[in-house]
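What follows is a short report on a single structure.
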Amino acid sequence: MKIAVEGCCHGELDKIYETIAYLEKKEGVKVDLLLCCGDFQAVRNEGDMKCMAVPAKYRMMQTFYKYYSGEKKAPVLTIFIGGNHEASNHLQELPYGGWVAPNIYYLGYAGVIRYRGIRIGGLSGIFKSHDYRRGHHEFPPYNPDTLRSVYHIRNIEVFKLKQIQMPIDIFMSHDWPRGIYHYGSTGELLRKKKFLRQEVESNSLGSPAAEELLAHLQPSYWFSAHLHVKFAAIMQHPPKSNAAPRVTKFLSLDKCLPYREFLQIVDVPERPGSSEGLEYDPEWLAILKATNSLQRITPHPWNPPENNGLHERWDFSASEADMMQVMEDLSGELAIPDNFCQTVTPYEPNKPQHHATPSCNTNPQTTELCATLGLTDIYAQAGQGGDGFGRAQGNTGGEEDDEDGNSLGSVDEPSEYPSDTSGLSNSFNPDEITIEDEWEEEEGEKGKDDVKDRSNSNAAVKGHVGEIHTPSRMVLPDPKSDTSPTHLSHILNLPPPSHSTPTVARCQSVAEGEGHSEGDDEDATAVRILKRTSDETGDAGSKTTTPRIKRRNQVIYTTVEDEESED
């Protein structure tokens with residue numbers, strides 16, 4: 001089964017699907033599934049844009065609304081998780097997951113589903129210790145604080161995922177598991193992202209919650225994004241009991257921009273006799289049922305039950321009887337129903353609604369699932385007030401933000417983790433860790449350094465398309481283990497990336513952007529890594545079959561610091 005993995009989507013659905021179609025034709029393959037690792041941007045209309053944590057001047061409608069309205073249909077089954085640039089009011093309608101458009105499925109705050117017998121799990125959002133122990137209390141309209149806290153991971157979701165006992169094939173997170181960079185080419189990572197050195201050396205880069213899940217779940221594959229860089233690693237886990245040690249292949253990808261490594265096609269064996277469509281996972285649904293009473297919609301800190309003598313129950317893993325009860329609840333039908341429905345009026349380009357207010361609707365998909373399994377629609381409950389704590393009662397406009405755009409007034413009891421990883425960083429944008437100037441990438445200023453270091457830590461760190469030294473195969477480094485390299489290469493058995501930049505486009509990008517020698521250009525033709533081209537490739541009269549993919553939106557998701565850099 002061919003699975004396309006995308007890094008940060010940033011609403012570029014048209015371009016991603018066009019690229020996949022081109023690859024299918026060029027490589028003679030059929031992509032069965034697309035996985036997007038966050039920053040998906042399921043923006044339906046102007047009201048949704050006001051629920052995204054980006055500067056107002058950079059809010060772009062992008063192309064998702066076409067798939068929501070029915071103007072287009074996703075040509076490839078798509079599964080995604082949330083990141084830190086999302087239409088949060090839309091995703092909050094589906095706390096347990098659901099269809100955001102025909103053929104496009106959201107995994108929810110956390111979720112596990114099955115496709116052709118493959119178990120796919122995910123965790124939406126990014127880790128921030130000051131919100132980790134709170135409930136999902138946010139509700140639109142968001143204030144400056146809740147606009148960001150709404151996409152922060154909560155301990156209840158991690159607790160649910162840690163109840164899983166059966167093997168997971170694929171897991172997705174937006175930010176990286178803390179420490180995973182020690183199992184790959186750390187030097188290459190720091191060459192591309194120099195400003196991450198302090199966090200890497202102090203082992204504070206990444207999510208400690210995802211680190212816990214990686215150690216517990218030990219999936220065959222773990223895909224991430226967020227840092228806007230391609231990075232591969234392999235981690236061999238210590239054996240559990242008498243079982244053979246498991247290996248996780250980690251891959252993080254870039255965002256969808258020209259000359260960037262944002263897409264990888266992975267070959268994953270499907271299980272014979274499995275269903276063709278998406279299916280619910282009985283173990284996961286049993287866990288949702290068991291933990292339903294633990295959910296909170298208040299901002300008060302909360303810790304999950306532990307085996308410390310203070311809780312009557314601390315193990316919420318699913319028994320066989322629990323899973324059989326789920327099957328009975330679903331009348332024996334695990335197929336996820338195609339029950340997508342619109343809950344707001346989609347964007348109409350000819351009838352702009354610049355003053356539209358954010359919507360806050362319950363979603364029939366969530367209502368139906370909750371009724372079937374006896375779950376609580378926590379979004380609807382938060383909207384009703386939830387004992388006075390459903391909505392955040394903080395400042396609603398007078399609260400000062402720091403340069404990162406984060407509220408300065410978010411203080412609570414210490415987290416179960418010793419510190420907020422972002423607090424250890426001297427790179428100024430912990431929510432969007434790479435701060436890159438889109439104009440340089442688009443206008444061809446490719447002769448500059450990969451990353452421009454600035455002595456003032458308040459200044460933005462600008463990136464560049466960078467020097468690209470990607471091998472023709474996705475080479476994964478040796479893990480920190482005693483296993484011989486020979487055995488590891490056999491374990492990996494990964495095919496080369498089955499997407500590629502056409503020779504003409506690749507040579508052009510190398511010649512214009514890298515200034516390599518002639519010999520380097522010859523080597524570059526063997527590189528089979530997908531890079532979007534921002535301009536038409538080849539001469540006007542050329543008969544090349546290279547698709548003409550242009551970049552329409554040049555100024556998305558730069559941060560507040562970029563406004564300063566313009567001056």
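Lettering and numbering for the structure tokens are positional, with chains as A, B, ... in the shown order, residues counted from 1 in each chain, and ligands counted from 1 in the shown order.
By only C-alpha atoms, and with residues fewer than 3 positions from A:Ser185 along its chain excluded, the set lying at most 8 Å from it is Tyr181, His182, Glu188, Leu189, Phe231, Ala232, Ala233 and Pro477 of chain A.
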Could you save those same residues with all heavy atoms as a PDB file, in the first residue's frame?
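Saved file again-v6.pdb follows:
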ATOM      1  N   TYR A 181      15.840  13.387  17.895  1.00  0.00           N
ATOM      2  CA  TYR A 181      16.935  13.905  17.077  1.00  0.00           C
ATOM      3  C   TYR A 181      18.262  13.228  17.413  1.00  0.00           C
ATOM      4  O   TYR A 181      19.216  13.312  16.644  1.00  0.00           O
ATOM      5  CB  TYR A 181      17.061  15.420  17.268  1.00  0.00           C
ATOM      6  CG  TYR A 181      16.673  15.898  18.640  1.00  0.00           C
ATOM      7  CD1 TYR A 181      17.560  15.854  19.702  1.00  0.00           C
ATOM      8  CD2 TYR A 181      15.381  16.360  18.868  1.00  0.00           C
ATOM      9  CE1 TYR A 181      17.187  16.248  20.966  1.00  0.00           C
ATOM     10  CE2 TYR A 181      14.995  16.768  20.130  1.00  0.00           C
ATOM     11  CZ  TYR A 181      15.904  16.719  21.185  1.00  0.00           C
ATOM     12  OH  TYR A 181      15.520  17.114  22.441  1.00  0.00           O
ATOM     13  N   HIS A 182      18.340  12.554  18.552  1.00  0.00           N
ATOM     14  CA  HIS A 182      19.563  11.825  18.895  1.00  0.00           C
ATOM     15  C   HIS A 182      19.679  10.502  18.136  1.00  0.00           C
ATOM     16  O   HIS A 182      20.735   9.854  18.187  1.00  0.00           O
ATOM     17  CB  HIS A 182      19.607  11.534  20.402  1.00  0.00           C
ATOM     18  CG  HIS A 182      19.717  12.769  21.248  1.00  0.00           C
ATOM     19  ND1 HIS A 182      20.655  13.742  21.024  1.00  0.00           N
ATOM     20  CD2 HIS A 182      18.984  13.195  22.317  1.00  0.00           C
ATOM     21  CE1 HIS A 182      20.523  14.716  21.909  1.00  0.00           C
ATOM     22  NE2 HIS A 182      19.520  14.409  22.710  1.00  0.00           N
ATOM     23  N   GLU A 188      23.407  17.031  10.631  1.00  0.00           N
ATOM     24  CA  GLU A 188      22.714  17.542   9.446  1.00  0.00           C
ATOM     25  C   GLU A 188      21.529  18.415   9.838  1.00  0.00           C
ATOM     26  O   GLU A 188      21.269  19.448   9.226  1.00  0.00           O
ATOM     27  CB  GLU A 188      22.253  16.362   8.585  1.00  0.00           C
ATOM     28  CG  GLU A 188      21.512  16.753   7.315  1.00  0.00           C
ATOM     29  CD  GLU A 188      22.426  17.367   6.268  1.00  0.00           C
ATOM     30  OE1 GLU A 188      23.651  17.406   6.477  1.00  0.00           O
ATOM     31  OE2 GLU A 188      21.901  17.818   5.233  1.00  0.00           O
ATOM     32  N   LEU A 189      20.812  18.012  10.883  1.00  0.00           N
ATOM     33  CA  LEU A 189      19.690  18.816  11.370  1.00  0.00           C
ATOM     34  C   LEU A 189      20.169  20.199  11.791  1.00  0.00           C
ATOM     35  O   LEU A 189      19.565  21.222  11.440  1.00  0.00           O
ATOM     36  CB  LEU A 189      19.015  18.107  12.542  1.00  0.00           C
ATOM     37  CG  LEU A 189      17.936  18.905  13.285  1.00  0.00           C
ATOM     38  CD1 LEU A 189      16.752  19.204  12.377  1.00  0.00           C
ATOM     39  CD2 LEU A 189      17.477  18.153  14.536  1.00  0.00           C
ATOM     40  N   PHE A 231      13.735  15.228   8.327  1.00  0.00           N
ATOM     41  CA  PHE A 231      14.648  14.556   9.250  1.00  0.00           C
ATOM     42  C   PHE A 231      14.169  13.122   9.435  1.00  0.00           C
ATOM     43  O   PHE A 231      12.996  12.889   9.718  1.00  0.00           O
ATOM     44  CB  PHE A 231      14.678  15.274  10.601  1.00  0.00           C
ATOM     45  CG  PHE A 231      15.593  14.627  11.608  1.00  0.00           C
ATOM     46  CD1 PHE A 231      16.962  14.823  11.549  1.00  0.00           C
ATOM     47  CD2 PHE A 231      15.077  13.807  12.610  1.00  0.00           C
ATOM     48  CE1 PHE A 231      17.809  14.225  12.471  1.00  0.00           C
ATOM     49  CE2 PHE A 231      15.914  13.207  13.533  1.00  0.00           C
ATOM     50  CZ  PHE A 231      17.287  13.417  13.466  1.00  0.00           C
ATOM     51  N   ALA A 232      15.080  12.181   9.254  1.00  0.00           N
ATOM     52  CA  ALA A 232      14.755  10.764   9.413  1.00  0.00           C
ATOM     53  C   ALA A 232      15.586  10.172  10.546  1.00  0.00           C
ATOM     54  O   ALA A 232      16.718  10.578  10.783  1.00  0.00           O
ATOM     55  CB  ALA A 232      15.023  10.007   8.113  1.00  0.00           C
ATOM     56  N   ALA A 233      15.006   9.231  11.247  1.00  0.00           N
ATOM     57  CA  ALA A 233      15.703   8.569  12.346  1.00  0.00           C
ATOM     58  C   ALA A 233      15.138   7.175  12.518  1.00  0.00           C
ATOM     59  O   ALA A 233      14.056   6.854  12.005  1.00  0.00           O
ATOM     60  CB  ALA A 233      15.549   9.362  13.649  1.00  0.00           C
ATOM     61  N   PRO A 477      19.883   6.692   9.981  1.00  0.00           N
ATOM     62  CA  PRO A 477      21.102   6.411  10.747  1.00  0.00           C
ATOM     63  C   PRO A 477      20.945   5.207  11.650  1.00  0.00           C
ATOM     64  O   PRO A 477      19.838   4.760  11.932  1.00  0.00           O
ATOM     65  CB  PRO A 477      21.286   7.693  11.567  1.00  0.00           C
ATOM     66  CG  PRO A 477      19.882   8.186  11.746  1.00  0.00           C
ATOM     67  CD  PRO A 477      19.172   7.852  10.468  1.00  0.00           C
TER      68      PRO A 477
END
For stretch 266-276 of chain A: contacts at 7 Å, only C-alpha atoms, fewer than 2 positions along chain excluded, given as a PyMOL selection string | chain A and resi 1-4+115-118+264
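Atom to atom, atom CA of A:Asn350 and atom CA of A:Tyr68 stand 16.6 Å apart.
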Pull the alpha helix (DSSP H) assignments for stretch 177-244 of chain A out of DSSP run on the backbone, and list those residues as a list of chain:residue names.
->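 Everything in stretch 177-244 of chain A that counts as alpha helix (DSSP H) is A:Thr186, A:Gly187, A:Glu188, A:Leu189, A:Leu190, A:Arg191, A:Lys192, A:Arg197, A:Gln198, A:Glu199, A:Val200, A:Glu201, A:Pro208, A:Ala209, A:Ala210, A:Glu211, A:Glu212, A:Leu213, A:Leu214, A:Ala215, A:His216, A:Leu217.
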Write a file of the just-selected residues containing N, CA, C and O atoms, as a compact mmCIF listing (two decimals), in the first residue's frame.
# COMPACT_ATOMS: atom_id res chain seq x y z
N THR A 186 22.01 14.18 13.65
CA THR A 186 21.86 15.41 14.40
C THR A 186 22.66 16.54 13.78
O THR A 186 22.22 17.69 13.72
N GLY A 187 23.85 16.23 13.29
CA GLY A 187 24.68 17.25 12.67
C GLY A 187 24.03 17.86 11.45
O GLY A 187 24.07 19.08 11.25
N GLU A 188 23.41 17.03 10.63
CA GLU A 188 22.71 17.54 9.45
C GLU A 188 21.53 18.41 9.84
O GLU A 188 21.27 19.45 9.23
N LEU A 189 20.81 18.01 10.88
CA LEU A 189 19.69 18.82 11.37
C LEU A 189 20.17 20.20 11.79
O LEU A 189 19.57 21.22 11.44
N LEU A 190 21.26 20.25 12.55
CA LEU A 190 21.76 21.53 13.04
C LEU A 190 22.40 22.35 11.93
O LEU A 190 22.47 23.58 12.04
N ARG A 191 22.85 21.70 10.90
CA ARG A 191 23.33 22.46 9.76
C ARG A 191 22.19 23.21 9.08
O ARG A 191 22.34 24.35 8.63
N LYS A 192 21.03 22.55 9.01
CA LYS A 192 19.86 23.18 8.39
C LYS A 192 19.18 24.18 9.31
O LYS A 192 18.65 25.19 8.87
N ARG A 197 20.29 24.45 18.11
CA ARG A 197 21.40 23.79 18.77
C ARG A 197 21.23 23.75 20.29
O ARG A 197 21.44 22.70 20.93
N GLN A 198 20.86 24.86 20.91
CA GLN A 198 20.77 24.88 22.36
C GLN A 198 19.74 23.88 22.86
O GLN A 198 19.98 23.16 23.84
N GLU A 199 18.60 23.81 22.17
CA GLU A 199 17.55 22.90 22.61
C GLU A 199 17.95 21.44 22.40
O GLU A 199 17.64 20.56 23.21
N VAL A 200 18.64 21.17 21.29
CA VAL A 200 19.10 19.80 21.04
C VAL A 200 20.12 19.39 22.09
O VAL A 200 20.05 18.29 22.66
N GLU A 201 21.08 20.27 22.38
CA GLU A 201 22.13 19.92 23.33
C GLU A 201 21.60 19.78 24.75
O GLU A 201 22.15 19.02 25.55
N PRO A 208 7.72 16.31 25.47
CA PRO A 208 7.91 15.20 26.41
C PRO A 208 6.71 14.25 26.44
O PRO A 208 6.87 13.06 26.71
N ALA A 209 5.51 14.78 26.14
CA ALA A 209 4.33 13.91 26.08
C ALA A 209 4.45 12.93 24.92
O ALA A 209 4.15 11.74 25.06
N ALA A 210 4.88 13.43 23.75
CA ALA A 210 5.08 12.54 22.60
C ALA A 210 6.21 11.56 22.86
O ALA A 210 6.17 10.42 22.40
N GLU A 211 7.22 11.99 23.61
CA GLU A 211 8.31 11.09 23.98
C GLU A 211 7.78 9.91 24.80
O GLU A 211 8.16 8.76 24.58
N GLU A 212 6.89 10.19 25.73
CA GLU A 212 6.26 9.13 26.52
C GLU A 212 5.48 8.17 25.63
O GLU A 212 5.56 6.94 25.78
N LEU A 213 4.72 8.74 24.70
CA LEU A 213 3.89 7.90 23.82
C LEU A 213 4.76 7.06 22.90
O LEU A 213 4.42 5.90 22.61
N LEU A 214 5.86 7.62 22.43
CA LEU A 214 6.76 6.85 21.57
C LEU A 214 7.30 5.63 22.32
O LEU A 214 7.36 4.52 21.78
N ALA A 215 7.66 5.83 23.58
CA ALA A 215 8.18 4.72 24.38
C ALA A 215 7.10 3.69 24.68
O ALA A 215 7.38 2.49 24.73
N HIS A 216 5.86 4.14 24.86
CA HIS A 216 4.78 3.21 25.19
C HIS A 216 4.23 2.49 23.95
O HIS A 216 4.08 1.27 23.95
N LEU A 217 3.92 3.26 22.90
CA LEU A 217 3.26 2.68 21.73
C LEU A 217 4.24 1.92 20.83
O LEU A 217 3.87 0.93 20.20
Minimum-distance residue to A:Thr345, chosen among A:Gly184, A:Gly7, A:Pro305, A:Gly70 (using only C-alpha atoms) | A:Gly70
Students should find that atom CA of A:Arg148 and atom CA of A:Leu205 are spaced 19.4 Å
For A:Leu35, which residue out of A:Lys73, A:Arg296, A:Lys15, A:His174 is the nearest one, using only C-alpha atoms?
->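 The closest residue to A:Leu35 is A:His174.
Interatomic distance, atom CA of A:Asp338 to atom CA of A:Trp99: 7.8 Å.
You can rank A:Pro245, A:Pro144, A:Gly47, A:Gly83 by their closest distance to A:Ile126 using only C-alpha atoms, and at the top of that list sits A:Gly83.
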